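J.: I am attaching a structure below and will ask some questions about it afterwards.
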Amino acid sequence: MSTLQSSRTPSLAKGEETLEPVVELSNVRFSWAAASPVVVDIESLRIANAERIFLRGPSGSGKTTLLSLLAGVVAPREGTVRVLGQDLGKLGSAARDRFRADHIGFIFQMFNLIPYLSVVENVCLACGFSERRRLRATRAGASVETEAVRLLGHLDMADAAVLRRPVTNLSVGQQQRVAAARALIGAPELVIADEPTSSLDADLRSAFLDLLFRECAQERTTLIFVSHDASLAPRFDREIAFSAINRALPRPATANAP
Amino acid sequence: MRQPVILVLAIKSLRNRKFTAALTVLSIALAVVLLLGVERIRHESRESFSATISGTDLVVGARSSPVHLLLAAVFHIGNATNNLRWDSYRAIATRPGVAWTIPLSLGDSHRGYRVLGTTPDYFEHYRFARERRLVLAQGRTFEDEHDTVLGADVARALKYKPGDSIVIAHGAGDVSFSLHEQHPFTVAGILARTGTPVDRTVHVSLEGLDAVHEDAGDGQAADPLAAIIGGDRGAAANKPSTPRAITAFLVGLNSRPAALSMQRAVSEYAGEPLTAVLPGLALQELWEITGAVEKTLFAVSALVVVVGLAGMLVALLTGLSERRREMAVLRSVGARPAHVFALILGEAAFLTALGVVLGVSALYVGLLAGQPWLESRLGLFIAVSWPSAYELGLILLVGLAGVLIGLIPAHRCYRYSLADGMTIRI
């Protein structure tokens with residue numbers, strides 16, 4: 001089923017240098033229920049291929065809701081959300097889930113890992129739900145597990161002792177790198193990281209970004225990196241202030257916002 | 001080649017919660033053991049009772065309730081309220097239409113086993129199960145008043161063989177203080193196993209039983225009432241050629257439909273008040289009495305199943321709040337809410353199935369292990385056979401109930417994962 005899905009979406013190889021943006025939102029309005037207030041109201045947002053976006057905004061500004069829209073977990077009430085040219089609003093919820101599995105990698109702030117799976121199993125999980133990513137991960141002829149270990153190696157996680165350790169015994173920094181490997185395995189076109197570094201200290205934060213950038217650059221992966229830590233912004237291609245694009249937020253006094 | 005990812009997740013997740021899962025499975029298994037065990041014992045005890053007497057048209061004894069008489073005379077449960085006179089027995093036994101009779105005299109025991117005084121007709125006419133007759137495993141039937149024929153369990157438990165000498169005691173207790181030592185018996189034969197109370201009975205001839213009580217004197221007669229009834233005669237004759245009284249007798253008729261009219265004739269017998277029982281009808285009456293208890297037992301065991309499944313529900317629901325995070329991660333890698341639903345429901349179904357399988361296995365192991373004990377202690381022969389259609393139905397019902405109960409946490413989790421999406425709730 002997932003192969004059927006992937007054939008309908010433009011392949012990276014053909015579309016990468018075209019003007020087709022990876023993410024394109026127009027006049028998107030979203031509220032959790034028909035009667036509840038609009039939490040996301042974005043007139044336009046375009047993110048080009050292989051762009052590294054720093055999406056900044058205070059918590060509670062609807063960032064997470066925007067990510068849910070991009071990931072197809074929820075559908076907009078108005079407007080269109082296009083990811084890789086695919087209008088997500090036109091897909092059913094199951095098809096959106098499949099689309100996410102095939103094309104988007106996710107890294108959360110914390111609790112990224114399934115506690116009862118090993119490090120490698122956690123990384124391979126992304127390929128369990130997507131045939132497309134499984135095939136891409138095994139392009140080189142190796143197994144998914146080998147690819148997982150290779151990626152973990154790129155993220156300085158190749159130590160056999162670390163790989164064998166229960167994921168609950170890993171440090172936060174190590175956990176985030178495992179999560180990054182899972183988001184990157186099978187080369188999804190878009191990686192969304194939701195405050196992945198906010199539980200790391202400054203040194204680790206920088207090292208994590210280095211690793212993430214290197215991997216994304218290799219596969220020309222588009223990266224949307226959400227954070228409220230403005231000090232990281234200069235390392236990205238472009239910074240988007242979420243409060244500036246989300247019209248659902250109260251306009252005035254943005255300067256004083258915490 | 002690849003296992004479905006949801007299955008792998010379900011297995012690994014369960015393995016991670018081995019202890020809770022094992023407890024859940026155990027409680028379901030125990031509930032299943034109880035439910036099926038109660039049903040099995042109910043069914044088998046009925047079978048065993050029904051199999052004890054076959055081919056006998058009437059059981060006749062002194063006036064009492066039919067169930068009481070049947071239990072005392074045939075199953076050796078409880079004691080007959082009264083004896084009946086030998087001449088009453090002869091009067092009925094010689095009526096036209098009577099094919100055969102077996103007199104039964106109870107009241108003594110040998111090391112906890114009932115002693116039955118009867119005639120060689122017993123070995124000729126007594127039938128059990130489906131018209132099976134008694135077969136000797138060793139030796140012969142009794143030929144004189146010093147011979148005894150043992151049931152299979154008696155011989156096995158007490159390690160008797162033909163030629164051994166035994167002494168019987170007055171009363172039916174396990175330990176008796178008045179032994180009839182003046183009149184020992186010699187084991188003449190041992191019966192083959194029947195799976196009925198016959199296996200736990202010491203058979204002697206009526207003459208032998210009488211001789212025991214003659215030697216011991218009137219004061220230790222089998223039954224105080226019998227002593228009163230037969231007292232004057234016993235004192236008059238030195239050695240009576242016929243017994244003075246018996247407990248009951250079995251009647252076989254030439255034609256079965258005549259049983260009802262014979263029953264009426266017996267109850268109208270002028271000599272003394274008598275009761276004639278149609279074994280099948282008396283058993284039916286017994287089932288009506290025990291039916292209420294059985295229903296209660298069944299209800300209790302059904303409730304235990306409900307408790308077992310409720311335990312699973314609690315375990316699943318408790319785990320759910322901490323698994324919400326896990327569900328968010330799964331959603332982020334592309335799991336559909338349907339996957340999440342299947343994960344939880346599958347777990348419930350798996351735990352229930354495992355519990356049922358374990359319960360059924362434990363029941364069979366228990367039956368095999370407990371069979372000899374049940375048989376020797378309660379006289380209950382439980383056949384270890386494949387589950388009946390009814391039992392299979394019960395098993396299926398428990399499984400179905402487990403799946404239905406699994407729908408609750410599965411649906412909850414489904415709704416969570418729809419509402420949470422990829423938001424990680426802490």
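Residues are referred to by chain and number: the chain letter is A, B, ... according to the order shown in the structure tokens, the number counts from 1 in that chain, and ligands are numbered separately from 1 in the order shown.
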Within 6 Å of chain A, which residues of chain B show up? Give each one with its shortest atom-to-atom distance in Å (one decimal) and the two atoms involved, counting only C-alpha atoms, rows by chain then rising residue number, as a tab-separated table.

T.:
residue	atom	partner	partner_atom	distance
B:Val5	CA	A:Gly128	CA	5.4
B:Ser13	CA	A:Tyr116	CA	5.8
B:Asn16	CA	A:Tyr116	CA	5.7
B:Glu326	CA	A:Ile114	CA	5.9
B:Val333	CA	A:Ala126	CA	5.2
B:Gly334	CA	A:Ala101	CA	4.0
B:Arg336	CA	A:Asp97	CA	5.8
B:Gly421	CA	A:Val73	CA	5.8

J.: Output C-alpha atoms of each residue in that selection to a file, as a PDB file, in the first residue's frame.

T.:
ATOM      1  CA  VAL B   5       5.713  -4.340  12.786  1.00  0.00           C
ATOM      2  CA  SER B  13       5.940  -4.493  24.684  1.00  0.00           C
ATOM      3  CA  ASN B  16       8.713  -5.596  28.724  1.00  0.00           C
ATOM      4  CA  GLU B 326       4.714   5.552  23.161  1.00  0.00           C
ATOM      5  CA  VAL B 333       6.699   7.276  12.508  1.00  0.00           C
ATOM      6  CA  GLY B 334       3.482   6.729  10.615  1.00  0.00           C
ATOM      7  CA  ARG B 336      -2.307   4.881  12.095  1.00  0.00           C
ATOM      8  CA  GLY B 421      -1.687  13.121  17.553  1.00  0.00           C
TER       9      GLY B 421
END

J.: As a PyMOL selection string, please: every residue in segment 80-281 of chain B that DSSP puts in strand (DSSP E).

T.: chain B and resi 84-85+98-110+113-118+127-128+132-133+136-139+147-150+165-166+169-170+185-191+201-205+245-246+248-253+274-277

J.: Please save C-alpha atoms of the selected residues as a PDB file, in the first residue's frame.

T.:
ATOM      1  CA  LEU B  84     -37.456 -53.818  56.308  1.00  0.00           C
ATOM      2  CA  ARG B  85     -38.453 -57.271  57.427  1.00  0.00           C
ATOM      3  CA  VAL B  98     -40.449 -59.921  39.336  1.00  0.00           C
ATOM      4  CA  ALA B  99     -37.495 -61.290  37.399  1.00  0.00           C
ATOM      5  CA  TRP B 100     -34.877 -61.027  40.115  1.00  0.00           C
ATOM      6  CA  THR B 101     -34.154 -59.310  43.404  1.00  0.00           C
ATOM      7  CA  ILE B 102     -30.979 -58.439  45.278  1.00  0.00           C
ATOM      8  CA  PRO B 103     -31.272 -57.980  49.052  1.00  0.00           C
ATOM      9  CA  LEU B 104     -28.931 -55.388  50.534  1.00  0.00           C
ATOM     10  CA  SER B 105     -27.938 -55.151  54.158  1.00  0.00           C
ATOM     11  CA  LEU B 106     -25.755 -52.272  55.290  1.00  0.00           C
ATOM     12  CA  GLY B 107     -24.557 -50.989  58.633  1.00  0.00           C
ATOM     13  CA  ASP B 108     -21.118 -52.455  59.208  1.00  0.00           C
ATOM     14  CA  SER B 109     -17.768 -51.379  57.935  1.00  0.00           C
ATOM     15  CA  HIS B 110     -14.225 -52.505  57.440  1.00  0.00           C
ATOM     16  CA  TYR B 113     -15.267 -49.154  53.787  1.00  0.00           C
ATOM     17  CA  ARG B 114     -18.913 -50.130  53.860  1.00  0.00           C
ATOM     18  CA  VAL B 115     -19.789 -53.765  54.320  1.00  0.00           C
ATOM     19  CA  LEU B 116     -22.667 -54.941  52.191  1.00  0.00           C
ATOM     20  CA  GLY B 117     -24.510 -58.129  53.047  1.00  0.00           C
ATOM     21  CA  THR B 118     -26.151 -59.633  50.002  1.00  0.00           C
ATOM     22  CA  ARG B 127     -25.629 -53.881  36.479  1.00  0.00           C
ATOM     23  CA  PHE B 128     -23.787 -50.583  36.207  1.00  0.00           C
ATOM     24  CA  ARG B 132     -22.255 -53.890  32.447  1.00  0.00           C
ATOM     25  CA  ARG B 133     -22.109 -56.724  34.931  1.00  0.00           C
ATOM     26  CA  LEU B 136     -14.115 -60.781  39.224  1.00  0.00           C
ATOM     27  CA  ALA B 137     -10.521 -59.721  38.810  1.00  0.00           C
ATOM     28  CA  GLN B 138      -9.282 -62.429  41.164  1.00  0.00           C
ATOM     29  CA  GLY B 139     -10.773 -65.397  43.020  1.00  0.00           C
ATOM     30  CA  ASP B 147     -16.218 -65.500  52.479  1.00  0.00           C
ATOM     31  CA  THR B 148     -15.950 -61.891  51.417  1.00  0.00           C
ATOM     32  CA  VAL B 149     -15.608 -60.291  47.999  1.00  0.00           C
ATOM     33  CA  LEU B 150     -13.836 -56.929  47.896  1.00  0.00           C
ATOM     34  CA  SER B 165      -8.405 -62.613  56.653  1.00  0.00           C
ATOM     35  CA  ILE B 166     -10.352 -59.485  57.637  1.00  0.00           C
ATOM     36  CA  ALA B 169     -16.672 -53.558  62.617  1.00  0.00           C
ATOM     37  CA  HIS B 170     -20.017 -52.286  63.701  1.00  0.00           C
ATOM     38  CA  PHE B 185     -13.883 -63.286  56.993  1.00  0.00           C
ATOM     39  CA  THR B 186     -11.613 -64.651  54.322  1.00  0.00           C
ATOM     40  CA  VAL B 187     -11.134 -62.763  51.063  1.00  0.00           C
ATOM     41  CA  ALA B 188     -12.598 -65.071  48.407  1.00  0.00           C
ATOM     42  CA  GLY B 189     -12.453 -62.724  45.451  1.00  0.00           C
ATOM     43  CA  ILE B 190     -11.715 -59.207  44.249  1.00  0.00           C
ATOM     44  CA  LEU B 191     -13.933 -57.430  41.744  1.00  0.00           C
ATOM     45  CA  THR B 201     -17.523 -51.954  49.208  1.00  0.00           C
ATOM     46  CA  VAL B 202     -16.770 -55.124  51.139  1.00  0.00           C
ATOM     47  CA  HIS B 203     -19.314 -57.753  50.093  1.00  0.00           C
ATOM     48  CA  VAL B 204     -20.310 -60.581  52.389  1.00  0.00           C
ATOM     49  CA  SER B 205     -23.205 -62.973  52.360  1.00  0.00           C
ATOM     50  CA  ALA B 245     -34.068 -57.801  58.362  1.00  0.00           C
ATOM     51  CA  ILE B 246     -32.371 -56.092  55.437  1.00  0.00           C
ATOM     52  CA  ALA B 248     -33.249 -52.481  51.051  1.00  0.00           C
ATOM     53  CA  PHE B 249     -33.482 -54.587  47.939  1.00  0.00           C
ATOM     54  CA  LEU B 250     -33.141 -54.066  44.224  1.00  0.00           C
ATOM     55  CA  VAL B 251     -35.845 -55.369  41.912  1.00  0.00           C
ATOM     56  CA  GLY B 252     -35.605 -56.321  38.277  1.00  0.00           C
ATOM     57  CA  LEU B 253     -38.892 -56.786  36.478  1.00  0.00           C
ATOM     58  CA  LEU B 274     -42.387 -49.441  52.336  1.00  0.00           C
ATOM     59  CA  THR B 275     -41.094 -47.159  49.612  1.00  0.00           C
ATOM     60  CA  ALA B 276     -40.263 -48.222  46.087  1.00  0.00           C
ATOM     61  CA  VAL B 277     -38.065 -45.923  44.055  1.00  0.00           C
TER      62      VAL B 277
END

J.: Would you pick out the contacts of segment 143-155 of chain A at 12 Å or less, using only C-alpha atoms, so that residues sharing its chain but fewer than 3 positions from it are not included, and give the list as number ranges by chain?

T.: A: 118-128, 130-131, 133-140, 158-160, 162-164, 173-187, 204, 207-216, 218; B: 2

J.: Among segment 14-160 of chain B, which residues does DSSP mark as helix (DSSP H, G or I) when it is run on the backbone? Keep the chain and numbering as in the structure and answer as a PyMOL selection string.

T.: chain B and resi 14-16+18-52+66-73+86-93+121-125+152-158

J.: So, counting only C-alpha atoms, which residue among B:Phe298, B:Tyr364, B:Tyr89, B:Trp287 is closest to Ser50 of chain B?

T.: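 Between B:Phe298, B:Tyr364, B:Tyr89, B:Trp287, the residue approaching Ser50 of chain B most closely is B:Trp287.
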
J.: Using only C-alpha atoms, can you tell me which of A:Ser243, A:Asn169, A:Ser227, A:Ser206 comes closest to Ala193 of chain A?

T.: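 Of A:Ser243, A:Asn169, A:Ser227, A:Ser206, the one nearest Ala193 of chain A, counting only C-alpha atoms, is A:Ser227.
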
J.: I'd like the interatomic distance between atom CA of Leu283 of chain B and atom CA of Gly37 of chain B, to a tenth of an Å.

T.: 21.9 Å

J.: Could you please determine the separation between atom CA of His213 of chain B and atom CA of Tyr126 of chain B in Å, to one decimal place?

T.: 25.8 Å

J.: So what do you get for atom CA of Ala335 of chain B versus atom CA of Ser26 of chain A, distance-wise?

T.: 27.1 Å

J.: Contacts of segment 83-91 of chain A at 7 Å or less, counting only C-alpha atoms, minus same-chain residues fewer than 6 places along, as an MDAnalysis selection string?

T.: chainID A and resid 9:10 20:24 72 75:76

J.: Rank nothing, just name the residue among B:Leu286, B:Leu209, B:Ala21, B:Ile92 nearest to Glu268 of chain B, using only C-alpha atoms.

T.: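 Once distances to Glu268 of chain B are computed over only C-alpha atoms, the minimum belongs to B:Ile92.
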